[in-house]
Every structure is written in structure tokens, then in C-alpha cells.
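Enquirer: Okay, so here is run-v2.txt, and as you'll see once you scroll down, it has compact mmCIF, C-alpha atoms and all ligand atoms.
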# COMPACT_ATOMS: atom_id res chain seq x y z
CA MET A 8 5.81 15.79 20.06
CA LYS A 9 7.19 16.04 16.52
CA ILE A 10 6.99 13.18 14.03
CA GLY A 11 9.37 12.98 11.07
CA VAL A 12 7.98 11.43 7.89
CA ILE A 13 10.30 10.25 5.12
CA GLY A 14 8.29 10.92 1.96
CA ALA A 15 5.85 13.82 1.65
CA GLY A 16 3.22 12.22 -0.56
CA GLN A 17 -0.52 12.08 -0.01
CA LEU A 18 -0.10 9.34 2.60
CA GLY A 19 2.17 11.59 4.67
CA ARG A 20 -0.29 14.44 4.25
CA MET A 21 -3.15 12.29 5.54
CA LEU A 22 -0.97 11.11 8.47
CA ALA A 23 -0.37 14.72 9.46
CA LEU A 24 -4.05 15.63 9.08
CA ALA A 25 -4.90 12.73 11.43
CA GLY A 26 -2.13 13.63 13.89
CA TYR A 27 -2.85 17.34 14.34
CA PRO A 28 -5.99 16.85 16.48
CA LEU A 29 -3.85 14.70 18.80
CA GLY A 30 -1.51 17.66 19.29
CA LEU A 31 1.31 16.29 17.10
CA ARG A 32 3.48 18.21 14.64
CA PHE A 33 5.05 16.90 11.43
CA VAL A 34 8.30 17.40 9.52
CA PHE A 35 8.71 15.77 6.11
CA LEU A 36 11.80 14.78 4.15
CA ASP A 37 11.39 14.69 0.38
CA GLN A 38 13.28 15.97 -2.62
CA GLY A 39 10.16 16.64 -4.70
CA ASN A 40 8.88 20.12 -5.33
CA ASP A 41 5.31 20.95 -4.47
CA THR A 42 4.62 17.82 -2.39
CA PRO A 43 1.28 17.12 -0.66
CA GLY A 44 3.09 16.87 2.71
CA GLU A 45 4.48 20.39 2.63
CA GLN A 46 0.91 21.76 2.43
CA VAL A 47 0.46 20.62 6.03
CA GLY A 48 3.93 20.47 7.62
CA HIS A 49 7.50 21.68 7.53
CA ILE A 50 9.65 20.17 4.76
CA ILE A 51 13.33 19.34 4.62
CA ARG A 52 14.20 19.10 0.95
CA GLY A 53 16.58 16.23 0.21
CA ALA A 54 16.93 12.72 -1.21
CA PHE A 55 15.91 9.79 1.00
CA ASP A 56 19.57 8.71 1.18
CA ASP A 57 21.04 12.19 1.72
CA PRO A 58 22.97 11.85 5.03
CA ALA A 59 22.81 15.59 5.83
CA ALA A 60 19.05 15.77 5.22
CA LEU A 61 18.44 12.61 7.26
CA ALA A 62 20.58 13.98 10.11
CA GLU A 63 18.61 17.24 10.02
CA LEU A 64 15.33 15.30 10.17
CA ALA A 65 16.56 13.27 13.16
CA LYS A 66 17.62 16.51 14.88
CA GLN A 67 14.22 18.14 14.45
CA VAL A 68 11.89 15.29 15.48
CA ASP A 69 11.22 12.82 18.30
CA LEU A 70 10.31 9.81 16.16
CA ILE A 71 10.63 8.86 12.48
CA THR A 72 8.24 7.03 10.17
CA PHE A 73 7.80 6.90 6.37
CA ASP A 74 5.06 7.07 3.77
CA VAL A 75 6.87 5.32 0.90
CA GLU A 76 8.57 1.97 0.52
CA ASN A 77 11.56 3.01 -1.58
CA VAL A 78 13.49 4.44 1.37
CA PRO A 79 17.00 2.91 1.12
CA VAL A 80 17.38 0.79 4.27
CA ASP A 81 21.16 1.21 4.52
CA ALA A 82 20.78 4.99 4.47
CA VAL A 83 18.33 5.06 7.38
CA ARG A 84 20.01 2.54 9.70
CA GLY A 85 22.05 5.40 11.22
CA ILE A 86 19.09 7.60 12.16
CA ALA A 87 17.16 4.50 13.30
CA LYS A 88 19.77 4.28 16.10
CA GLN A 89 19.28 7.93 17.08
CA ARG A 90 15.48 8.06 17.10
CA PRO A 91 12.69 5.48 17.26
CA PHE A 92 12.21 4.46 13.59
CA LEU A 93 8.91 2.70 12.99
CA PRO A 94 7.73 0.50 11.32
CA PRO A 95 10.99 -1.47 11.76
CA VAL A 96 13.73 -1.16 9.15
CA GLU A 97 13.61 -4.96 8.61
CA ALA A 98 9.96 -4.80 7.52
CA LEU A 99 10.79 -1.95 5.15
CA GLY A 100 13.66 -4.00 3.68
CA ALA A 101 11.53 -7.14 3.21
CA SER A 102 8.84 -5.17 1.38
CA GLN A 103 11.35 -3.76 -1.12
CA ASP A 104 12.26 -7.05 -2.73
CA ARG A 105 9.49 -9.27 -4.08
CA LEU A 106 11.67 -12.36 -3.83
CA ASP A 107 12.59 -11.75 -0.17
CA GLU A 108 8.97 -10.91 0.57
CA LYS A 109 7.56 -14.07 -0.98
CA THR A 110 10.33 -16.20 0.55
CA LEU A 111 9.36 -14.79 3.97
CA PHE A 112 5.65 -15.46 3.30
CA ARG A 113 6.53 -19.04 2.45
CA LYS A 114 8.62 -19.41 5.63
CA LEU A 115 5.70 -18.08 7.69
CA LYS A 116 3.28 -20.44 5.89
CA ILE A 117 1.39 -17.60 4.22
CA PRO A 118 0.25 -18.93 0.83
CA THR A 119 1.77 -17.21 -2.25
CA PRO A 120 1.62 -17.77 -6.00
CA GLU A 121 4.31 -20.16 -7.24
CA PHE A 122 7.48 -18.14 -7.83
CA ALA A 123 11.11 -18.37 -8.97
CA ALA A 124 14.08 -15.99 -9.05
CA VAL A 125 15.05 -15.00 -12.61
CA ASP A 126 18.52 -13.64 -13.43
CA SER A 127 18.91 -14.93 -17.00
CA LEU A 128 16.86 -15.99 -20.00
CA GLN A 129 17.68 -19.60 -19.06
CA ASP A 130 16.25 -19.02 -15.55
CA LEU A 131 13.09 -17.61 -17.12
CA GLN A 132 12.73 -20.56 -19.46
CA ALA A 133 13.23 -22.97 -16.55
CA ALA A 134 10.72 -21.01 -14.43
CA THR A 135 8.04 -21.00 -17.14
CA ASN A 136 8.61 -24.74 -17.67
CA ARG A 137 8.26 -25.53 -13.97
CA ILE A 138 5.53 -23.05 -12.99
CA GLY A 139 3.77 -22.87 -16.35
CA ILE A 140 2.35 -20.14 -18.59
CA PRO A 141 0.51 -17.79 -18.08
CA GLY A 142 2.55 -15.98 -15.47
CA VAL A 143 3.92 -12.58 -14.56
CA LEU A 144 7.55 -11.50 -14.80
CA LYS A 145 8.22 -8.70 -12.30
CA THR A 146 11.21 -6.65 -11.25
CA ARG A 147 12.22 -7.69 -7.74
CA ARG A 148 12.72 -4.11 -6.59
CA LEU A 149 11.05 -0.73 -7.16
CA GLY A 150 7.94 -2.12 -8.79
CA TYR A 151 4.66 -0.56 -7.73
CA ASP A 152 1.31 0.32 -9.26
CA GLY A 153 1.91 -2.25 -12.02
CA ARG A 154 5.29 -0.79 -13.08
CA GLY A 155 8.02 -3.28 -13.94
CA GLN A 156 5.66 -6.12 -14.84
CA TYR A 157 5.24 -8.23 -17.96
CA PHE A 158 2.37 -10.68 -18.34
CA ILE A 159 3.56 -13.78 -20.17
CA ARG A 160 0.52 -15.25 -21.90
CA LYS A 161 2.15 -17.60 -24.42
CA ALA A 162 5.56 -19.21 -25.03
CA GLU A 163 6.51 -16.54 -27.60
CA ASP A 164 6.25 -13.84 -24.90
CA VAL A 165 9.18 -15.29 -22.93
CA GLU A 166 12.00 -13.70 -24.93
CA LYS A 167 10.09 -10.43 -25.30
CA ALA A 168 9.53 -10.28 -21.54
CA TRP A 169 13.21 -10.96 -20.91
CA SER A 170 14.36 -8.28 -23.36
CA THR A 171 11.93 -5.76 -21.82
CA LEU A 172 12.82 -6.28 -18.15
CA GLY A 173 16.01 -8.37 -18.13
CA THR A 174 18.48 -5.70 -17.03
CA VAL A 175 17.63 -6.07 -13.32
CA PRO A 176 16.95 -9.01 -10.95
CA LEU A 177 13.49 -10.47 -11.58
CA ILE A 178 10.90 -12.85 -10.18
CA TYR A 179 8.52 -15.01 -12.20
CA GLU A 180 5.14 -15.76 -10.63
CA GLY A 181 2.43 -18.15 -11.70
CA PHE A 182 -0.69 -16.35 -12.90
CA VAL A 183 -3.44 -16.42 -10.28
CA ASN A 184 -6.87 -16.67 -11.81
CA PHE A 185 -8.45 -14.80 -8.93
CA SER A 186 -12.14 -14.10 -8.35
CA ARG A 187 -11.29 -10.91 -6.47
CA GLU A 188 -8.53 -9.01 -4.72
CA VAL A 189 -8.77 -8.10 -1.05
CA SER A 190 -6.51 -6.45 1.47
CA ILE A 191 -6.17 -6.62 5.22
CA ILE A 192 -4.91 -3.64 7.16
CA GLY A 193 -4.03 -3.77 10.83
CA ALA A 194 -2.23 -1.76 13.48
CA ARG A 195 0.19 -3.07 16.10
CA SER A 196 1.41 -0.71 18.78
CA THR A 197 4.82 -0.65 20.42
CA ARG A 198 3.02 -2.17 23.43
CA GLY A 199 1.93 -5.16 21.32
CA GLU A 200 -1.76 -4.23 21.05
CA VAL A 201 -3.19 -5.36 17.69
CA ARG A 202 -6.37 -4.30 15.88
CA CYS A 203 -7.38 -5.29 12.36
CA TYR A 204 -9.76 -3.52 9.99
CA PRO A 205 -12.41 -5.41 8.05
CA LEU A 206 -11.22 -6.65 4.66
CA ALA A 207 -11.51 -4.30 1.68
CA ALA A 208 -12.27 -5.64 -1.82
CA ASN A 209 -10.10 -3.88 -4.37
CA THR A 210 -10.36 -3.37 -8.11
CA HIS A 211 -7.14 -2.69 -10.04
CA SER A 212 -6.59 -1.87 -13.63
CA GLU A 213 -3.20 -1.60 -15.30
CA GLY A 214 -1.79 -2.52 -11.88
CA ILE A 215 -3.23 0.59 -10.18
CA LEU A 216 -5.96 0.54 -7.52
CA ARG A 217 -9.11 2.10 -8.98
CA HIS A 218 -11.66 1.53 -6.23
CA SER A 219 -12.28 -0.31 -2.98
CA ILE A 220 -15.36 -1.35 -1.08
CA ALA A 221 -15.36 -2.14 2.62
CA PRO A 222 -16.19 -4.00 4.69
CA TYR A 223 -15.93 -7.05 2.47
CA ASN A 224 -17.91 -9.33 4.73
CA ASN A 225 -16.53 -12.86 4.72
CA ALA A 226 -15.90 -14.17 8.23
CA ARG A 227 -13.73 -17.09 7.09
CA LEU A 228 -11.43 -14.98 4.88
CA GLN A 229 -11.30 -12.26 7.54
CA LYS A 230 -10.07 -14.81 10.08
CA SER A 231 -7.36 -16.21 7.75
CA ALA A 232 -6.22 -12.73 6.72
CA GLU A 233 -5.91 -11.63 10.35
CA THR A 234 -3.97 -14.79 11.21
CA TYR A 235 -1.45 -14.11 8.41
CA LEU A 236 -1.18 -10.42 9.27
CA LYS A 237 -0.54 -11.14 12.96
CA ARG A 238 2.10 -13.71 12.02
CA LEU A 239 3.97 -11.10 9.98
CA MET A 240 3.60 -8.50 12.73
CA LYS A 241 5.02 -10.88 15.33
CA HIS A 242 7.91 -11.81 13.04
CA PHE A 243 9.00 -8.17 12.74
CA ASP A 244 8.04 -7.13 16.29
CA TYR A 245 6.09 -4.62 14.26
CA ALA A 246 4.72 -1.20 15.20
CA GLY A 247 2.50 0.86 12.90
CA ILE A 248 0.05 -0.02 10.15
CA LEU A 249 0.79 -3.14 8.08
CA THR A 250 -1.08 -4.18 4.94
CA ILE A 251 -1.23 -7.46 3.01
CA GLU A 252 -2.82 -7.62 -0.44
CA PHE A 253 -4.31 -10.98 -1.37
CA PHE A 254 -5.84 -12.70 -4.36
CA VAL A 255 -8.90 -14.82 -3.62
CA GLN A 256 -8.78 -18.02 -5.63
CA ARG A 257 -11.27 -20.85 -5.08
CA GLY A 258 -12.20 -19.34 -1.73
CA GLN A 259 -8.59 -19.23 -0.44
CA LEU A 260 -6.27 -16.29 0.19
CA ILE A 261 -3.02 -16.07 -1.77
CA ALA A 262 -0.69 -13.25 -0.66
CA ASN A 263 0.54 -10.93 -3.39
CA GLU A 264 2.45 -8.37 -1.38
CA MET A 265 2.82 -6.54 1.91
CA ALA A 266 3.16 -2.82 2.57
CA PRO A 267 4.70 -1.65 5.86
CA ARG A 268 2.69 1.58 5.83
CA VAL A 269 -0.73 3.11 5.53
CA HIS A 270 -2.30 1.93 2.29
CA ASN A 271 -4.49 3.25 -0.50
CA SER A 272 -7.00 0.42 0.06
CA GLY A 273 -7.51 1.81 3.60
CA HIS A 274 -8.45 5.36 2.66
CA TRP A 275 -12.09 4.44 3.28
CA THR A 276 -11.25 4.23 7.02
CA ILE A 277 -11.06 8.05 7.27
CA GLU A 278 -14.84 8.30 7.14
CA GLY A 279 -15.83 4.61 7.14
CA ALA A 280 -14.21 3.33 10.34
CA GLN A 281 -14.32 4.50 13.94
CA THR A 282 -10.60 5.32 13.81
CA SER A 283 -8.75 5.89 10.54
CA GLN A 284 -5.67 3.93 9.50
CA PHE A 285 -3.74 7.22 9.66
CA GLU A 286 -4.66 7.95 13.26
CA ASN A 287 -4.03 4.34 14.29
CA HIS A 288 -0.61 4.43 12.63
CA VAL A 289 0.33 7.45 14.72
CA ARG A 290 -1.14 5.92 17.88
CA ALA A 291 0.68 2.63 17.21
CA ILE A 292 4.16 4.11 16.71
CA LEU A 293 3.75 6.33 19.79
CA GLY A 294 2.65 3.38 21.96
CA LEU A 295 -0.75 4.96 22.59
CA PRO A 296 -3.97 2.95 22.97
CA LEU A 297 -5.29 1.97 19.52
CA GLY A 298 -8.70 3.14 18.36
CA SER A 299 -11.56 0.89 17.28
CA THR A 300 -11.17 -0.44 13.74
CA ALA A 301 -14.89 -1.21 13.40
CA ALA A 302 -16.57 -0.08 10.19
CA VAL A 303 -19.23 2.60 10.32
CA GLY A 304 -21.67 1.58 7.59
CA HIS A 305 -20.64 0.45 4.11
CA SER A 306 -17.95 2.41 2.27
CA ALA A 307 -16.85 2.85 -1.32
CA MET A 308 -13.61 4.66 -2.19
CA VAL A 309 -12.70 5.79 -5.69
CA ASN A 310 -9.26 7.02 -6.78
CA PHE A 311 -8.85 9.88 -9.24
CA ILE A 312 -5.88 9.00 -11.43
CA GLY A 313 -4.33 11.31 -14.02
CA ALA A 314 -7.36 13.63 -14.13
CA MET A 315 -10.22 14.66 -11.84
CA PRO A 316 -13.80 15.83 -12.15
CA THR A 317 -14.35 19.44 -11.10
CA LEU A 318 -14.91 20.20 -7.43
CA GLU A 319 -18.45 21.28 -8.30
CA GLN A 320 -19.21 17.92 -9.96
CA ILE A 321 -17.81 15.91 -7.07
CA LEU A 322 -19.55 17.87 -4.34
CA ARG A 323 -22.90 17.47 -6.09
CA VAL A 324 -22.82 13.75 -5.15
CA PRO A 325 -24.81 13.46 -1.89
CA GLY A 326 -22.74 12.39 1.11
CA VAL A 327 -19.40 12.41 -0.73
CA HIS A 328 -16.13 13.03 1.12
CA PHE A 329 -13.46 14.41 -1.18
CA HIS A 330 -9.70 14.47 -0.66
CA SER A 331 -7.63 16.37 -3.21
CA TYR A 332 -3.89 15.90 -2.81
CA GLY A 333 -3.08 19.24 -4.46
CA LYS A 334 -0.91 17.65 -7.16
CA GLU A 335 -0.39 18.71 -10.75
CA PRO A 336 -2.27 16.31 -13.07
CA ARG A 337 -0.05 13.81 -14.90
CA PRO A 338 -0.91 10.46 -16.50
CA ASN A 339 -1.17 7.64 -13.94
CA ARG A 340 -0.69 10.04 -11.02
CA LYS A 341 -2.99 9.61 -8.01
CA LEU A 342 -4.50 13.08 -7.64
CA GLY A 343 -7.20 12.51 -5.08
CA HIS A 344 -9.91 10.16 -3.90
CA CYS A 345 -13.44 10.25 -2.58
CA THR A 346 -15.37 8.05 -0.21
CA ILE A 347 -19.05 7.50 0.36
CA THR A 348 -20.35 5.77 3.47
CA ALA A 349 -23.82 4.28 3.09
CA THR A 350 -26.19 2.50 5.44
CA SER A 351 -26.49 -0.65 3.26
CA ALA A 352 -24.37 -2.52 0.74
CA ILE A 353 -27.00 -1.81 -1.94
CA ALA A 354 -26.84 1.95 -1.29
CA ARG A 355 -23.03 1.75 -1.28
CA ASP A 356 -22.95 0.03 -4.67
CA ARG A 357 -25.32 2.65 -6.06
CA ALA A 358 -23.02 5.39 -4.73
CA LEU A 359 -19.98 3.65 -6.20
CA ARG A 360 -21.62 3.63 -9.62
CA ALA A 361 -22.41 7.33 -9.28
CA LEU A 362 -18.82 8.13 -8.35
CA MET A 363 -17.43 6.11 -11.23
CA LYS A 364 -19.69 7.90 -13.68
CA LEU A 365 -18.24 11.32 -12.81
CA LYS A 366 -16.59 12.75 -15.90
CA VAL A 367 -12.93 13.64 -15.50
CA SER A 368 -11.36 16.55 -17.31
P1 LIG A 401 1.54 -5.79 -7.91
O1 LIG A 401 2.38 -4.67 -8.46
O2 LIG A 401 2.29 -7.03 -7.59
O3 LIG A 401 0.68 -5.32 -6.76
O4 LIG A 401 0.50 -6.17 -9.06
C1 LIG A 401 -0.46 -5.26 -9.53
C2 LIG A 401 -1.68 -6.00 -10.01
O5 LIG A 401 -1.33 -6.90 -11.09
C3 LIG A 401 -2.32 -6.89 -8.96
O6 LIG A 401 -3.16 -6.16 -8.12
C4 LIG A 401 -3.07 -7.89 -9.85
O7 LIG A 401 -4.26 -7.30 -10.33
C5 LIG A 401 -2.09 -8.10 -11.00
N1 LIG A 401 -1.19 -9.24 -10.68
C6 LIG A 401 0.02 -9.16 -10.08
N2 LIG A 401 0.56 -10.39 -9.90
C7 LIG A 401 -0.31 -11.27 -10.40
C8 LIG A 401 -0.34 -12.71 -10.49
N3 LIG A 401 0.67 -13.47 -10.06
N4 LIG A 401 -1.43 -13.28 -11.05
C9 LIG A 401 -2.47 -12.52 -11.51
N5 LIG A 401 -2.50 -11.18 -11.45
C10 LIG A 401 -1.44 -10.54 -10.90
Can the structure from this file be put into C-alpha cells for me?
Expert:
Amino acid sequence: MKIGVIGAGQLGRMLALAGYPLGLRFVFLDQGNDTPGEQVGHIIRGAFDDPAALAELAKQVDLITFDVENVPVDAVRGIAKQRPFLPPVEALGASQDRLDEKTLFRKLKIPTPEFAAVDSLQDLQAATNRIGIPGVLKTRRLGYDGRGQYFIRKAEDVEKAWSTLGTVPLIYEGFVNFSREVSIIGARSTRGEVRCYPLAANTHSEGILRHSIAPYNNARLQKSAETYLKRLMKHFDYAGILTIEFFVQRGQLIANEMAPRVHNSGHWTIEGAQTSQFENHVRAILGLPLGSTAAVGHSAMVNFIGAMPTLEQILRVPGVHFHSYGKEPRPNRKLGHCTITATSAIARDRALRALMKLKVS
């Protein structure tokens, strides 16, 4: 069985590494040079909307999935008719536009920050009047890892925000004064079996995930998060891994965004859960029985962004699991991560502090 993956980033690489023991083979489509995916699978070099490259991918594989969200939905509708294409194209489309995504959340009664579409300075002024300041102006499409965002903290920021981002369709969101950020990750198979991982608590800075701890034990929030995730899965007749990122404000979940793919805040599951998100994604899209999502101990995952400690430094940390993506260092680029699984939350927090203290070069 050969699986085609659109996008050959680190997520695709980890999918392949999880799939090989199951006897699967992987073919990637990506136009980048020196991608993490090609270290572990065959690569077809081409843009995500290149019809010839997509046709070649469909020819070579039995089933197609993706590891990035910016796959143009119109370009892949054709191959989605030739081969099973999972997660569904509709879920991919909804995740690409923050306005569509939040409108869907609202329709499914999943709480969101207050929001408004912004296509002009007048719209932005009306939105800030109705929703209030502070708030965040975001591009509707192609925003990730904090790109395409402007925090409006005072009335004078409104025009500056508009002149910085105003060339593309935007969304204005009320600022959520959250106590923490959490994410729920779950798998749904083509047979309708669903399993959810324990919540992870995530720390971002400059819009990029820095570290996660899991499980974040809060039975009430876990139950609400699973309810919302299952609602979304049912809506899309979903198959694969689905993620929702939430803010926690006054003990309630407020959805920020969804990702129809394996997620950085689930990397801890490779060593910290009975079955990793990567293996469960593969099982789910192939209609195989899902593996247990139970946590094994207490995990901390730290991203290396822009620069990394040396291998020697990392491997000196007792019990560390290191994943280097084999990428050239560049500012804000995710180069690798490491996870520690401890027997208690106290030991995990100690390990997290040790990991964060590692000097990068
Ligand atoms: P996003 O690109 O939407 O995932 O946003 C990246 C990060 O910016 C989030 O993880 C939050 O830390 C912060 N952020 C985004 N939207 C809001 C909001 N409405 N209120 C407060 N913080 C936000």
C-alpha cells in the first residue's frame, strides 16, 4: 500500500516514519528542495496546484493525504475523485479561511472569540466599535505561526493595522484574555471509530508554538473539547487526525482554530501516548482499527526554532527523545523538537525547565 502525501515537511516525515512499521510506503509531492519528507520517501517535485505533478502522484499511490493546510482545494478536487483523498477536501477548505472556520464553529455552537469580516478601513472601524479594543486583525487566508496578524491595542493602531494588512480580506477578532491555551487532537477512521488524546497545554510566543505539556488533566475541559471535536468530525464525515486549538478563559473553552492534520501540539504522542498521532492518522485514513490514545506518563515537548543546541548537548539530558527534521537553520523555522516522558507532573516540569535551558547555537 502506497500513501501519497501533499507536502513533504516534518509532519509528512513523521507520518512516513510511523507508517513504515505497518508495511506502508510513502510518496511526497512538494516543490521545495531538501525537504524532510524526501529523507524517508520518494518525492515528486512540483507545486501543490501543478496538474501534471498531482496526476503523477495519483498514478503512483493508492490513497492521498496532506501535511500542510495551504493545498489549493480547487486543484485537488480532480485527484480526490481518482483516489481516496483524506481528510476530506471540505475540511481542508474550511481550515484555510479564518472567517469560514469561525462561521462554521458558530453554526456548530462551538464558542469563538467575537469576530467580524473586514474588507475596508470603515469595516475595521465598525468592527472595533462593536467588538472593542484590544483585538487582533488577521488575514483570512494563509496565516499561520503568527504571520499575518496585527494586535490592535489602542484606537491609534487601527489605521496602522489597516495599512499593514489591508491588501487582502481580513477578520477582526476580540482579544481573549486567556489563562492558557490548550489543544485537543483526535482521530476518526473511515469506519467512524473515534479516539481523542488527552488535552495538551501549549505555550506560544510571537504566534509560534514553543512548548507543550500533556496530559493537561482537567476532566471538565477534556469533555467539552471532545464534544466540540466530535461535532466537527461528524459535520465533515471526517477521516484522519483533526485538531482544535482553544483559549481557556474563565474556565471555558474558546476555539481559536482547527487543523485538519497532525499537529505540532501532538508531537508528544510519539513517545508519550500508546499510539502516536501519526500512526493513528494512517490507521484512520486506511479504515484500520485505531490505537489507544492513552497517555504514558507525563510529557513535555519543546520545539527548536531557528537554531538548535548541539546533538551532544541534547542527548546529555536523561530520557530525552530528539527529532531533528534535517532542515537548514533559518529564523523562525521549526528545525526539530524533543520530548521527555516522566513518571510525575513534577518530574515533567523539571525536565521541561532543563530542556528550555539548553543553549542554542
Ligand atoms: P493563530 O495564528 O490564530 O493561531 O494565533 C497565534 C497565537 O496568537 C495564538 O496561539 C495566541 O497566542 C495569539 N492569539 C491569536 N488570536 C488571539 C485572540 N483573539 N486573542 C488573544 N490572543 C490571540
Enquirer: Between A:Ser219, A:Thr210, A:Thr197, A:Ser331, single out the one closest to Gly279 (chain A), counting only C-alpha atoms.
Expert: A:Ser219
Enquirer: Neighbours of ligand LIG 401 (chain A) within 7 Å, counting all atoms listed in the file, as a ChimeraX atom specification?
Expert: /A:120,142-143,150-154,180-185,188,211-212,214-215,263-264
Enquirer: Keeping C-alpha atoms, export the residues of the selection given above as a PDB file, in the coordinates of the input.
Expert:
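Contents of the output file selection.pdb:
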ATOM      1  CA  PRO A 120       1.620 -17.770  -6.000  1.00  0.00           C
ATOM      2  CA  GLY A 142       2.550 -15.980 -15.470  1.00  0.00           C
ATOM      3  CA  VAL A 143       3.920 -12.580 -14.560  1.00  0.00           C
ATOM      4  CA  GLY A 150       7.940  -2.120  -8.790  1.00  0.00           C
ATOM      5  CA  TYR A 151       4.660  -0.560  -7.730  1.00  0.00           C
ATOM      6  CA  ASP A 152       1.310   0.320  -9.260  1.00  0.00           C
ATOM      7  CA  GLY A 153       1.910  -2.250 -12.020  1.00  0.00           C
ATOM      8  CA  ARG A 154       5.290  -0.790 -13.080  1.00  0.00           C
ATOM      9  CA  GLU A 180       5.140 -15.760 -10.630  1.00  0.00           C
ATOM     10  CA  GLY A 181       2.430 -18.150 -11.700  1.00  0.00           C
ATOM     11  CA  PHE A 182      -0.690 -16.350 -12.900  1.00  0.00           C
ATOM     12  CA  VAL A 183      -3.440 -16.420 -10.280  1.00  0.00           C
ATOM     13  CA  ASN A 184      -6.870 -16.670 -11.810  1.00  0.00           C
ATOM     14  CA  PHE A 185      -8.450 -14.800  -8.930  1.00  0.00           C
ATOM     15  CA  GLU A 188      -8.530  -9.010  -4.720  1.00  0.00           C
ATOM     16  CA  HIS A 211      -7.140  -2.690 -10.040  1.00  0.00           C
ATOM     17  CA  SER A 212      -6.590  -1.870 -13.630  1.00  0.00           C
ATOM     18  CA  GLY A 214      -1.790  -2.520 -11.880  1.00  0.00           C
ATOM     19  CA  ILE A 215      -3.230   0.590 -10.180  1.00  0.00           C
ATOM     20  CA  ASN A 263       0.540 -10.930  -3.390  1.00  0.00           C
ATOM     21  CA  GLU A 264       2.450  -8.370  -1.380  1.00  0.00           C
TER      22      GLU A 264
END
Enquirer: In Å, how far is it from CA of Pro91 (chain A) to CA of Gly14 (chain A)?
Expert: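 These two atoms are separated by 16.8 Å.
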Enquirer: Produce a table with one row for each residue of region 288-343 of chain A that has an atom at most 10 Å from any atom of region 360-367 of chain A, each row naming the nearest atom pair and its distance in Å at one decimal; use only C-alpha atoms; arrange rows by chain and rising residue number; format as JSON lines.
Expert:
{"residue": "A:Ala307", "atom": "CA", "partner": "A:Leu362", "partner_atom": "CA", "distance": 9.0}
{"residue": "A:Met308", "atom": "CA", "partner": "A:Leu362", "partner_atom": "CA", "distance": 8.8}
{"residue": "A:Val309", "atom": "CA", "partner": "A:Leu362", "partner_atom": "CA", "distance": 7.1}
{"residue": "A:Asn310", "atom": "CA", "partner": "A:Met363", "partner_atom": "CA", "distance": 9.3}
{"residue": "A:Phe311", "atom": "CA", "partner": "A:Val367", "partner_atom": "CA", "distance": 8.4}
{"residue": "A:Ile312", "atom": "CA", "partner": "A:Val367", "partner_atom": "CA", "distance": 9.4}
{"residue": "A:Gly313", "atom": "CA", "partner": "A:Val367", "partner_atom": "CA", "distance": 9.0}
{"residue": "A:Ala314", "atom": "CA", "partner": "A:Val367", "partner_atom": "CA", "distance": 5.7}
{"residue": "A:Met315", "atom": "CA", "partner": "A:Val367", "partner_atom": "CA", "distance": 4.7}
{"residue": "A:Pro316", "atom": "CA", "partner": "A:Val367", "partner_atom": "CA", "distance": 4.1}
{"residue": "A:Thr317", "atom": "CA", "partner": "A:Val367", "partner_atom": "CA", "distance": 7.4}
{"residue": "A:Gln320", "atom": "CA", "partner": "A:Leu365", "partner_atom": "CA", "distance": 7.3}
{"residue": "A:Ile321", "atom": "CA", "partner": "A:Leu365", "partner_atom": "CA", "distance": 7.4}
{"residue": "A:Val324", "atom": "CA", "partner": "A:Leu362", "partner_atom": "CA", "distance": 7.6}
{"residue": "A:Pro325", "atom": "CA", "partner": "A:Ala361", "partner_atom": "CA", "distance": 9.9}
{"residue": "A:Val327", "atom": "CA", "partner": "A:Leu362", "partner_atom": "CA", "distance": 8.8}
Enquirer: List the residues sitting within 12 Å of (-3.5, 6.8, 24.5) in the file's frame, using all atoms listed in the file, as a ChimeraX atom specification.
Expert: /A:29,196-198,200,286-287,289-298
Enquirer: Leu206 (chain A): which residues within 12 Å, counting only C-alpha atoms, same-chain residues fewer than 6 positions away excluded, as number ranges by chain?
Expert: A: 187-193, 219-233, 236, 250-253, 255, 260, 272-273, 275-276, 280, 300-302, 305-306
Enquirer: Using all atoms listed in the file, which residue out of A:Glu166, A:Asp356, A:Asp244, A:Glu335 lies closest to Ala194 (chain A)?
Expert: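 Smallest distance to Ala194 (chain A) is found for A:Asp244.
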Enquirer: Using all atoms listed in the file for the distances, tell me which of A:Val175, A:Ile353, A:Val165, A:Ala266 is nearest to Gln132 (chain A).
Expert: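 Going through A:Val175, A:Ile353, A:Val165, A:Ala266 one by one, the smallest distance to Gln132 (chain A) is for A:Val165.
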Enquirer: May I ask which of the residues A:Gln129, A:Lys88, A:Ala123, A:Val75 is the closest one to Leu149 (chain A), counting only C-alpha atoms?
Expert: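 Among the listed residues, A:Val75 lies closest to Leu149 (chain A).
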Enquirer: What is the CA of Thr135 (chain A)-CA of Glu76 (chain A) distance in Å, reported with one decimal?
Expert: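 Interatomic distance, CA of Thr135 (chain A) to CA of Glu76 (chain A): 29.0 Å.
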Enquirer: Padding 8 Å on each side, edges along x, y and z: where is the centre of the box around the listed atoms of region 59-69 of chain A, and how long are its edges in Å to one decimal? Output it as lines of an AutoDock Vina configuration file.
Expert:
center_x = 17.0
center_y = 15.4
center_z = 11.8
size_x = 27.6
size_y = 21.5
size_z = 29.1
Enquirer: Determine the nearest neighbour of His274 (chain A) from the options A:Ser170, A:Asn339, A:Asn209, A:Gln89, counting only C-alpha atoms.
Expert: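 Comparing A:Ser170, A:Asn339, A:Asn209, A:Gln89 against His274 (chain A), the winner is A:Asn209.
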Enquirer: Pick the closest to Glu108 (chain A) from A:Leu239, A:Ala25, A:Leu128, A:Val96: which is it, counting all atoms listed in the file?
Expert: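 Distance minimum relative to Glu108 (chain A) lands on A:Leu239.
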Enquirer: Please provide the set of residues having any atom within 9 Å of Gly155 (chain A), restricted to all atoms listed in the file, with same-chain residues fewer than 6 positions apart removed, written as number ranges by chain.
Expert: A: 144-149, 172
Enquirer: Interatomic distance between CA of Gly304 (chain A) and CA of His270 (chain A)?
Expert: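 Taking CA of Gly304 (chain A) as the start and CA of His270 (chain A) as the end point, the length is 20.1 Å.
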